[in-house]
$ cat model-v3.cif   # mmCIF, C-alpha atoms
data_entry
#
loop_
_atom_site.label_atom_id
_atom_site.label_comp_id
_atom_site.auth_asym_id
_atom_site.auth_seq_id
_atom_site.Cartn_x
_atom_site.Cartn_y
_atom_site.Cartn_z
CA MET A 545 128.02 54.40 73.19
CA ASN A 546 126.31 57.21 71.34
CA LYS A 547 123.30 56.48 69.16
CA ARG A 548 123.88 57.03 65.47
CA ILE A 549 121.56 59.23 63.42
CA ALA A 550 121.00 59.42 59.67
CA VAL A 551 119.25 62.49 58.29
CA PHE A 552 117.41 62.17 54.96
CA ALA A 553 117.00 65.36 52.90
CA SER A 554 116.11 66.22 49.31
CA GLY A 555 116.25 70.00 49.65
CA ARG A 556 118.09 72.88 51.25
CA GLY A 557 118.32 71.18 54.62
CA SER A 558 117.25 73.87 57.07
CA ASN A 559 116.21 71.22 59.57
CA LEU A 560 119.55 69.49 58.98
CA SER A 561 121.29 72.74 60.00
CA ALA A 562 119.23 72.90 63.19
CA ILE A 563 120.15 69.28 63.97
CA ILE A 564 123.87 69.86 63.27
CA GLU A 565 123.73 72.84 65.62
CA ALA A 566 121.91 70.86 68.33
CA VAL A 567 124.46 68.02 68.14
CA LYS A 568 127.27 70.57 68.40
CA ASN A 569 125.63 72.16 71.48
CA LYS A 570 124.93 68.75 73.06
CA LYS A 571 121.20 69.38 72.92
CA ILE A 572 121.18 66.15 70.98
CA ARG A 573 123.56 63.70 72.60
CA ALA A 574 124.15 61.43 69.60
CA ASP A 575 126.33 61.13 66.52
CA LEU A 576 125.13 62.58 63.28
CA SER A 577 126.64 59.78 61.23
CA LEU A 578 125.10 60.10 57.78
CA LEU A 579 123.18 62.31 55.40
CA VAL A 580 121.22 60.42 52.76
CA SER A 581 120.03 62.45 49.80
CA ASP A 582 118.30 61.49 46.55
CA ASN A 583 119.07 64.83 44.92
CA PRO A 584 122.57 65.86 43.83
CA GLN A 585 121.45 69.54 43.88
CA ALA A 586 120.27 69.38 47.52
CA GLY A 587 121.73 72.23 49.59
CA ALA A 588 121.73 69.75 52.47
CA ILE A 589 124.72 67.95 50.90
CA GLU A 590 127.01 70.98 51.20
CA LYS A 591 125.79 71.61 54.73
CA ALA A 592 126.56 68.03 55.75
CA LYS A 593 130.01 68.13 54.16
CA ALA A 594 130.83 71.44 55.83
CA ALA A 595 129.93 69.86 59.18
CA GLY A 596 132.01 66.75 58.48
CA VAL A 597 128.97 64.48 58.11
CA ARG A 598 129.33 61.57 55.70
CA VAL A 599 127.06 61.86 52.66
CA ALA A 600 125.38 59.06 50.73
CA LEU A 601 123.83 60.24 47.47
CA VAL A 602 121.37 57.63 46.25
CA GLU A 603 119.51 58.68 43.11
CA ARG A 604 116.34 56.91 42.09
CA LYS A 605 117.27 57.11 38.39
CA ASP A 606 120.29 54.89 38.98
CA PHE A 607 118.09 51.93 39.97
CA GLY A 608 115.71 49.85 37.91
CA SER A 609 113.16 49.49 40.70
CA LYS A 610 112.14 51.22 43.91
CA GLU A 611 113.11 48.02 45.67
CA ASP A 612 116.71 48.23 44.40
CA PHE A 613 116.86 51.93 45.25
CA GLU A 614 115.78 51.16 48.81
CA LYS A 615 118.17 48.19 49.02
CA LYS A 616 121.04 50.60 48.45
CA ILE A 617 119.67 52.94 51.13
CA ILE A 618 119.38 50.05 53.58
CA GLU A 619 122.99 49.08 52.81
CA HIS A 620 124.13 52.57 53.79
CA LEU A 621 122.04 52.47 56.97
CA GLU A 622 123.41 49.08 58.00
CA GLU A 623 127.03 49.91 57.16
CA ASN A 624 126.72 53.00 59.34
CA LYS A 625 124.92 51.16 62.15
CA ILE A 626 122.12 53.73 62.18
CA ASP A 627 119.79 53.79 65.20
CA LEU A 628 117.49 56.60 64.08
CA ILE A 629 116.38 57.84 60.66
CA VAL A 630 115.38 61.50 60.67
CA LEU A 631 113.44 62.69 57.61
CA ALA A 632 114.10 66.35 56.99
CA GLY A 633 112.47 67.30 53.72
CA PHE A 634 112.99 63.92 52.08
CA MET A 635 110.56 63.96 49.16
CA ARG A 636 109.95 60.23 48.78
CA MET A 637 107.66 57.77 50.51
CA PHE A 638 109.35 54.62 51.77
CA SER A 639 107.89 51.23 50.90
CA PRO A 640 105.98 49.39 53.65
CA ALA A 641 108.84 46.86 53.67
CA LEU A 642 111.45 49.49 54.55
CA VAL A 643 109.17 51.04 57.16
CA GLU A 644 108.60 47.63 58.71
CA ARG A 645 112.36 46.90 58.68
CA PHE A 646 113.01 50.12 60.68
CA LYS A 647 109.83 50.13 62.72
CA PHE A 648 109.68 53.04 65.19
CA MET A 649 113.17 54.07 64.05
CA ILE A 650 112.03 56.60 61.44
CA ILE A 651 110.71 60.02 62.38
CA ASN A 652 109.39 62.89 60.28
CA ILE A 653 108.47 66.52 60.82
CA HIS A 654 105.41 68.05 59.23
CA PRO A 655 104.64 71.79 59.10
CA ALA A 656 101.02 71.51 60.30
CA LEU A 657 99.03 69.97 63.15
CA LEU A 658 98.33 66.52 61.74
CA PRO A 659 95.91 65.15 60.68
CA SER A 660 95.21 68.62 59.22
CA PHE A 661 96.98 69.62 56.02
CA LYS A 662 98.81 66.47 55.00
CA GLY A 663 101.02 66.56 51.93
CA SER A 664 103.79 68.76 50.65
CA HIS A 665 102.04 72.17 50.68
CA ALA A 666 100.91 72.18 54.30
CA ILE A 667 101.78 75.78 55.16
CA LYS A 668 100.17 77.24 52.05
CA ASP A 669 97.16 74.93 52.47
CA ALA A 670 96.63 76.06 56.07
CA PHE A 671 96.96 79.68 55.01
CA ASP A 672 94.49 79.30 52.14
CA TYR A 673 92.05 77.41 54.37
CA GLY A 674 91.92 80.44 56.64
CA ALA A 675 93.16 78.48 59.66
CA LYS A 676 93.74 80.70 62.69
CA VAL A 677 95.90 78.05 64.36
CA THR A 678 98.28 75.70 62.61
CA GLY A 679 101.57 74.26 63.86
CA VAL A 680 104.22 71.59 63.69
CA THR A 681 104.08 67.81 64.20
CA VAL A 682 106.94 65.36 64.80
CA HIS A 683 105.79 61.78 64.30
CA PHE A 684 106.96 58.25 63.73
CA VAL A 685 106.70 57.19 60.12
CA ASP A 686 104.35 54.38 59.23
CA GLU A 687 103.26 53.07 55.83
CA LEU A 688 100.78 55.92 55.26
CA MET A 689 101.71 59.50 54.40
CA ASP A 690 101.94 61.93 57.35
CA HIS A 691 100.17 59.43 59.54
CA GLY A 692 102.25 57.63 62.20
CA PRO A 693 102.08 58.08 66.01
CA ILE A 694 102.67 61.67 67.12
CA ILE A 695 105.73 62.43 69.28
CA LEU A 696 105.37 66.20 69.70
CA GLN A 697 103.04 68.89 68.40
CA GLU A 698 103.16 72.62 68.88
CA ALA A 699 100.59 75.19 67.82
CA VAL A 700 101.44 78.29 65.78
CA ALA A 701 98.92 81.14 65.59
CA VAL A 702 98.18 82.64 62.18
CA ALA A 703 98.06 86.42 62.53
CA GLU A 704 95.87 88.63 60.32
CA THR A 705 99.03 90.28 59.07
CA ASP A 706 100.67 86.98 58.10
CA THR A 707 101.46 86.14 54.51
CA PRO A 708 102.31 82.58 53.47
CA GLU A 709 105.95 83.68 53.72
CA THR A 710 105.82 85.09 57.27
CA LEU A 711 103.81 82.06 58.38
CA GLU A 712 106.44 79.79 56.85
CA GLU A 713 109.17 81.62 58.80
CA LYS A 714 107.27 81.21 62.07
CA ILE A 715 106.70 77.52 61.43
CA HIS A 716 110.30 76.83 60.46
CA LYS A 717 111.43 78.52 63.65
CA VAL A 718 109.27 76.13 65.70
CA GLU A 719 110.48 73.16 63.61
CA HIS A 720 114.11 73.99 64.30
CA ARG A 721 113.45 73.91 68.03
CA LEU A 722 110.94 71.02 68.15
CA TYR A 723 112.80 68.52 65.94
CA PRO A 724 116.02 68.47 68.01
CA GLU A 725 113.85 68.15 71.13
CA ALA A 726 112.08 65.09 69.72
CA ILE A 727 115.34 63.55 68.51
CA GLU A 728 116.88 63.92 71.95
CA LEU A 729 113.83 62.25 73.54
CA PHE A 730 114.31 59.32 71.15
CA VAL A 731 118.04 59.16 71.76
CA GLU A 732 117.49 59.12 75.53
CA GLY A 733 115.10 56.18 75.07
CA ARG A 734 112.28 58.15 76.61
CA LEU A 735 109.60 57.52 73.97
CA LYS A 736 107.13 54.72 74.53
CA VAL A 737 104.69 53.84 71.75
CA GLU A 738 101.41 52.07 72.42
CA GLY A 739 99.10 51.97 69.42
CA ARG A 740 98.88 55.57 68.28
CA LYS A 741 99.89 57.00 71.65
CA VAL A 742 103.45 58.11 72.27
CA SER A 743 104.20 58.80 75.90
CA ILE A 744 107.34 60.42 77.24
CA ARG A 745 108.92 58.66 80.19
CA MET B 1297 68.76 98.49 68.23
CA ASN B 1298 70.23 95.30 69.58
CA LYS B 1299 70.91 92.42 67.25
CA ARG B 1300 68.73 89.38 67.83
CA ILE B 1301 70.25 85.94 68.33
CA ALA B 1302 68.71 82.47 68.00
CA VAL B 1303 70.55 79.56 69.58
CA PHE B 1304 69.95 76.07 68.16
CA ALA B 1305 70.52 73.12 70.49
CA SER B 1306 69.59 69.44 70.57
CA GLY B 1307 71.31 68.56 73.84
CA ARG B 1308 72.07 69.72 77.32
CA GLY B 1309 73.00 73.22 76.19
CA SER B 1310 76.24 73.93 78.02
CA ASN B 1311 77.22 76.47 75.35
CA LEU B 1312 73.73 77.96 75.67
CA SER B 1313 74.41 78.52 79.37
CA ALA B 1314 77.70 80.27 78.57
CA ILE B 1315 75.90 82.49 76.06
CA ILE B 1316 73.08 83.32 78.51
CA GLU B 1317 75.73 84.26 81.06
CA ALA B 1318 77.65 86.40 78.55
CA VAL B 1319 74.48 88.27 77.54
CA LYS B 1320 73.70 88.87 81.19
CA ASN B 1321 77.23 90.22 81.80
CA LYS B 1322 77.11 92.36 78.63
CA LYS B 1323 80.02 90.43 77.16
CA ILE B 1324 77.57 89.86 74.33
CA ARG B 1325 75.67 93.04 73.63
CA ALA B 1326 72.67 91.53 71.89
CA ASP B 1327 69.28 89.99 72.65
CA LEU B 1328 69.05 86.25 73.06
CA SER B 1329 65.64 86.09 71.42
CA LEU B 1330 65.01 82.44 70.70
CA LEU B 1331 66.07 78.89 71.40
CA VAL B 1332 65.26 76.44 68.62
CA SER B 1333 65.40 72.77 69.53
CA ASP B 1334 64.48 69.62 67.64
CA ASN B 1335 64.48 67.48 70.76
CA PRO B 1336 61.80 67.73 73.46
CA GLN B 1337 64.24 66.07 75.93
CA ALA B 1338 66.97 68.68 75.38
CA GLY B 1339 68.27 70.14 78.64
CA ALA B 1340 68.74 73.37 76.71
CA ILE B 1341 64.97 73.91 76.74
CA GLU B 1342 64.79 74.17 80.52
CA LYS B 1343 67.84 76.42 80.59
CA ALA B 1344 66.29 78.77 78.04
CA LYS B 1345 62.97 78.88 79.90
CA ALA B 1346 64.73 79.57 83.20
CA ALA B 1347 66.48 82.51 81.56
CA GLY B 1348 63.26 83.84 80.04
CA VAL B 1349 64.27 82.95 76.48
CA ARG B 1350 61.46 82.05 74.09
CA VAL B 1351 61.60 78.40 72.97
CA ALA B 1352 60.58 76.97 69.60
CA LEU B 1353 60.43 73.18 69.60
CA VAL B 1354 60.44 71.94 66.01
CA GLU B 1355 60.53 68.16 65.75
CA ARG B 1356 61.52 66.53 62.49
CA LYS B 1357 58.94 63.75 62.96
CA ASP B 1358 56.11 66.28 62.75
CA PHE B 1359 56.97 67.12 59.13
CA GLY B 1360 56.68 65.05 55.99
CA SER B 1361 59.86 66.42 54.46
CA LYS B 1362 63.09 68.09 55.54
CA GLU B 1363 61.97 71.05 53.47
CA ASP B 1364 58.76 71.47 55.49
CA PHE B 1365 60.71 71.02 58.74
CA GLU B 1366 63.07 73.80 57.69
CA LYS B 1367 60.18 75.99 56.50
CA LYS B 1368 58.84 75.96 60.03
CA ILE B 1369 62.27 76.85 61.39
CA ILE B 1370 62.57 79.74 58.94
CA GLU B 1371 59.13 80.98 60.02
CA HIS B 1372 60.33 81.15 63.62
CA LEU B 1373 63.51 82.94 62.58
CA GLU B 1374 61.63 85.51 60.52
CA GLU B 1375 58.91 86.10 63.12
CA ASN B 1376 61.62 86.78 65.67
CA LYS B 1377 63.66 88.95 63.27
CA ILE B 1378 66.80 86.94 63.95
CA ASP B 1379 70.15 88.44 62.89
CA LEU B 1380 72.42 85.59 63.97
CA ILE B 1381 71.92 81.84 64.24
CA VAL B 1382 74.21 80.20 66.78
CA LEU B 1383 74.48 76.41 66.58
CA ALA B 1384 75.24 74.97 69.99
CA GLY B 1385 75.08 71.21 69.73
CA PHE B 1386 72.35 71.16 67.08
CA MET B 1387 72.54 67.66 65.67
CA ARG B 1388 71.18 68.30 62.18
CA MET B 1389 72.72 69.56 58.96
CA PHE B 1390 70.82 72.38 57.29
CA SER B 1391 69.94 72.10 53.61
CA PRO B 1392 72.01 74.19 51.18
CA ALA B 1393 68.87 76.28 50.58
CA LEU B 1394 68.57 77.28 54.26
CA VAL B 1395 72.32 77.98 54.47
CA GLU B 1396 72.09 80.16 51.36
CA ARG B 1397 69.05 82.00 52.75
CA PHE B 1398 71.02 82.90 55.92
CA LYS B 1399 74.44 83.25 54.32
CA PHE B 1400 77.14 84.30 56.83
CA MET B 1401 74.45 84.53 59.51
CA ILE B 1402 74.94 81.00 60.90
CA ILE B 1403 77.89 80.10 63.11
CA ASN B 1404 78.94 76.84 64.72
CA ILE B 1405 81.46 75.71 67.30
CA HIS B 1406 83.48 72.54 66.86
CA PRO B 1407 85.57 70.88 69.60
CA ALA B 1408 88.72 70.43 67.47
CA LEU B 1409 91.02 72.46 65.26
CA LEU B 1410 89.29 72.10 61.91
CA PRO B 1411 89.91 70.62 59.39
CA SER B 1412 91.11 67.95 61.86
CA PHE B 1413 88.54 65.70 63.50
CA LYS B 1414 85.31 66.67 61.78
CA GLY B 1415 82.08 65.02 62.87
CA SER B 1416 80.34 64.39 66.14
CA HIS B 1417 83.09 62.56 68.07
CA ALA B 1418 85.86 65.12 67.66
CA ILE B 1419 87.24 65.03 71.21
CA LYS B 1420 87.38 61.25 71.40
CA ASP B 1421 88.78 61.06 67.87
CA ALA B 1422 91.60 63.49 68.71
CA PHE B 1423 92.35 61.56 71.88
CA ASP B 1424 92.42 58.20 70.09
CA TYR B 1425 94.57 59.65 67.31
CA GLY B 1426 97.18 60.49 69.91
CA ALA B 1427 97.07 64.22 69.07
CA LYS B 1428 99.24 66.30 71.40
CA VAL B 1429 97.43 69.48 70.43
CA THR B 1430 93.74 69.81 69.64
CA GLY B 1431 91.43 72.75 70.25
CA VAL B 1432 88.26 74.63 69.42
CA THR B 1433 87.01 76.22 66.20
CA VAL B 1434 84.21 78.76 65.70
CA HIS B 1435 83.24 79.01 62.06
CA PHE B 1436 80.55 80.21 59.67
CA VAL B 1437 78.35 77.40 58.45
CA ASP B 1438 78.37 76.57 54.78
CA GLU B 1439 76.76 73.67 52.92
CA LEU B 1440 79.48 71.19 53.96
CA MET B 1441 79.88 69.69 57.43
CA ASP B 1442 82.34 71.48 59.75
CA HIS B 1443 83.73 73.36 56.79
CA GLY B 1444 82.88 77.08 56.54
CA PRO B 1445 85.25 80.07 57.02
CA ILE B 1446 86.97 80.09 60.41
CA ILE B 1447 86.24 82.96 62.82
CA LEU B 1448 88.34 81.93 65.82
CA GLN B 1449 90.49 78.95 66.77
CA GLU B 1450 92.27 78.19 69.99
CA ALA B 1451 94.67 75.35 70.72
CA VAL B 1452 94.28 73.00 73.69
CA ALA B 1453 97.24 70.82 74.71
CA VAL B 1454 96.58 67.14 75.40
CA ALA B 1455 98.49 66.14 78.53
CA GLU B 1456 99.85 62.64 79.11
CA THR B 1457 97.59 62.41 82.12
CA ASP B 1458 94.47 63.37 80.20
CA THR B 1459 91.60 60.97 79.73
CA PRO B 1460 88.89 61.62 77.15
CA GLU B 1461 86.86 63.04 80.03
CA THR B 1462 89.47 65.50 81.33
CA LEU B 1463 90.22 66.56 77.76
CA GLU B 1464 86.52 67.16 77.18
CA GLU B 1465 86.37 69.36 80.26
CA LYS B 1466 89.33 71.45 79.07
CA ILE B 1467 87.81 71.86 75.64
CA HIS B 1468 84.39 72.82 76.95
CA LYS B 1469 86.02 75.45 79.13
CA VAL B 1470 87.64 77.01 76.06
CA GLU B 1471 84.37 76.74 74.13
CA HIS B 1472 82.47 78.61 76.80
CA ARG B 1473 84.94 81.50 76.55
CA LEU B 1474 85.55 81.47 72.78
CA TYR B 1475 81.95 81.24 71.57
CA PRO B 1476 80.71 84.37 73.36
CA GLU B 1477 83.82 86.18 72.09
CA ALA B 1478 83.03 85.21 68.49
CA ILE B 1479 79.35 86.11 68.89
CA GLU B 1480 80.25 89.55 70.20
CA LEU B 1481 82.60 90.11 67.23
CA PHE B 1482 79.70 89.26 64.90
CA VAL B 1483 77.27 91.45 66.81
CA GLU B 1484 79.68 94.39 66.65
CA GLY B 1485 79.88 93.94 62.88
CA ARG B 1486 83.62 93.36 63.10
CA LEU B 1487 83.85 90.18 60.99
CA LYS B 1488 84.74 90.50 57.33
CA VAL B 1489 84.63 87.40 55.15
CA GLU B 1490 86.61 87.12 51.92
CA GLY B 1491 86.62 83.64 50.43
CA ARG B 1492 87.71 81.42 53.31
CA LYS B 1493 89.41 84.23 55.23
CA VAL B 1494 87.64 85.91 58.11
CA SER B 1495 89.36 89.08 59.28
CA ILE B 1496 88.51 91.02 62.39
CA ARG B 1497 88.23 94.76 61.89
#

$ encode --input "model-v3.cif" --output "structure tokens"
Amino acid sequence: MNKRIAVFASGRGSNLSAIIEAVKNKKIRADLSLLVSDNPQAGAIEKAKAAGVRVALVERKDFGSKEDFEKKIIEHLEENKIDLIVLAGFMRMFSPALVERFKFMIINIHPALLPSFKGSHAIKDAFDYGAKVTGVTVHFVDELMDHGPIILQEAVAVAETDTPETLEEKIHKVEHRLYPEAIELFVEGRLKVEGRKVSIR
Amino acid sequence: MNKRIAVFASGRGSNLSAIIEAVKNKKIRADLSLLVSDNPQAGAIEKAKAAGVRVALVERKDFGSKEDFEKKIIEHLEENKIDLIVLAGFMRMFSPALVERFKFMIINIHPALLPSFKGSHAIKDAFDYGAKVTGVTVHFVDELMDHGPIILQEAVAVAETDTPETLEEKIHKVEHRLYPEAIELFVEGRLKVEGRKVSIR
């Protein structure tokens, strides 16, 4: 039986689009079963609906505590028998309890070569730092921000003619190729984690 | 007239060897005028002597203060009319005063893609972190460790079969190509620094 994926997105969902496309083209051999969003304005919601993906909107403001908010998320994940949680521009940190509950089942993509340029302005930060090489990282999520074991990384050269905008385009292009690749490796059961090392079988 | 280079090394001097070779082959069109070492056991000293490069051994223990130690170094640099200071495994931080005195005249090579993996165990740290991409950085030295504006960076992939030793070999190979390239860009006057951005004219 196919593995079942939930994508989490707070924004426009450009990685979601790449994943929808990859599932359609059988580059990811799994079911895209659920989109979870915390933002009713997220472009990702329309994209999911257009692709026939079930949407769960879970807004933080509707819950008294982070714990209750996450309880609702976990309900959705369990109801939908999710095997893999794919963060695609989800702008919230999970609690250590949720991470522990779904250990090595949550992956994230970061638009830099971690551990460089953590945080939510990675592309601009790399540009302003004057980096000549930056890139993309897909990693398992642990309880620290942008920190878990690295599944795939790919370098992106910063050209002298690049602006933050052209660099962003280049990086997104790599993301949209690398994330489906990492998801398929997970789905095929080919990732083995030992400490911080992820090997591909 | 040729620009005059001083290499600083505390260790075996494998980058020094690459620079000697590049000067010999006119890949660096400058004079290698001086080796400064703080360590009488440094292999770099023999390599410099064998290549006919003048050696200044300046040991920290022979001076009451860091300031006096650096005064002696500055004397050597001025006597030899040095235009470029190339750090090649020099295991001491310069004082802000010395850095200011030779502003944008000191360059360093670091065996990682800065700002990742600063410090003196960069290759091992990248390996232990489970990085899939690391690399080499040549940068101007400022008053902070492994921090100044970046001249060149090149990515090095970490293979599943790599050990810290094989990774070190790969990185040194890139260093020995990249450092002479950066030195020649400096010598040709092609580097322009604006804030943290180094452009190549």

$ atom_distance --input "model-v3.cif" --atom1 "atom CA of B:Asn1298" --atom2 "atom CA of B:Phe1482"
12.2 Å

$ residues_around --input "model-v3.cif" --residues "B:Pro1411" --least-positions-apart "6" --cutoff "9 Å" --atoms "all atoms listed in the file" --output "NGL selection string"
(:A and (659-661 or 673 or 675)) or (:B and (1442-1443))

$ residues_around --input "model-v3.cif" --residues "B:Ser1313" --least-positions-apart "6" --cutoff "10 Å" --atoms "only C-alpha atoms" --output "MDAnalysis selection string"
chainID B and resid 1319 1340 1343:1344 1347 1472

$ resolve_selection --input "model-v3.cif" --expression "the PyMOL selection byres ((chain B) within 10 of (chain A))" --output "count of residues only"
40

$ closest_residue --input "model-v3.cif" --among "B:Ala1393, B:Leu1383, B:Ala1314, B:Ile1403" --to "B:Val1434" --atoms "all atoms listed in the file"
B:Ile1403

$ resolve_selection --input "model-v3.cif" --expression "the PyMOL selection byres ((chain A and resi 711) around 9)" --output "list in words"
Ile667, Lys668, Phe671, Val700, Ala701, Val702, Ala703, Asp706, Thr707, Pro708, Glu709, Thr710, Glu712, Glu713, Lys714, Ile715 and His716 of chain A

$ closest_residue --input "model-v3.cif" --among "B:Glu1374, B:Asp1421, B:Asp1334, B:Glu1355" --to "B:Phe1398" --atoms "only C-alpha atoms"
B:Glu1374

$ axis_aligned_box --input "model-v3.cif" --around "stretch 591-607 of chain A" --padding-each-side "4 Å" --output "AutoDock Vina command-line options"
--center_x 124.2 --center_y 61.8 --center_z 48.8 --size_x 23.7 --size_y 27.7 --size_z 28.8

$ resolve_selection --input "model-v3.cif" --expression "the PyMOL selection byres ((chain B and resi 1301) around 10)" --output "compact mmCIF listing (two decimals) with C-alpha atoms, in the coordinates of the input"
# COMPACT_ATOMS: atom_id res chain seq x y z
CA ASN B 1298 70.23 95.30 69.58
CA LYS B 1299 70.91 92.42 67.25
CA ARG B 1300 68.73 89.38 67.83
CA ALA B 1302 68.71 82.47 68.00
CA VAL B 1303 70.55 79.56 69.58
CA PHE B 1304 69.95 76.07 68.16
CA ALA B 1326 72.67 91.53 71.89
CA ASP B 1327 69.28 89.99 72.65
CA LEU B 1328 69.05 86.25 73.06
CA SER B 1329 65.64 86.09 71.42
CA LEU B 1330 65.01 82.44 70.70
CA LEU B 1331 66.07 78.89 71.40
CA LEU B 1373 63.51 82.94 62.58
CA ASN B 1376 61.62 86.78 65.67
CA LYS B 1377 63.66 88.95 63.27
CA ILE B 1378 66.80 86.94 63.95
CA ASP B 1379 70.15 88.44 62.89
CA LEU B 1380 72.42 85.59 63.97
CA ILE B 1381 71.92 81.84 64.24
CA VAL B 1382 74.21 80.20 66.78
CA MET B 1401 74.45 84.53 59.51
CA ILE B 1479 79.35 86.11 68.89
CA VAL B 1483 77.27 91.45 66.81
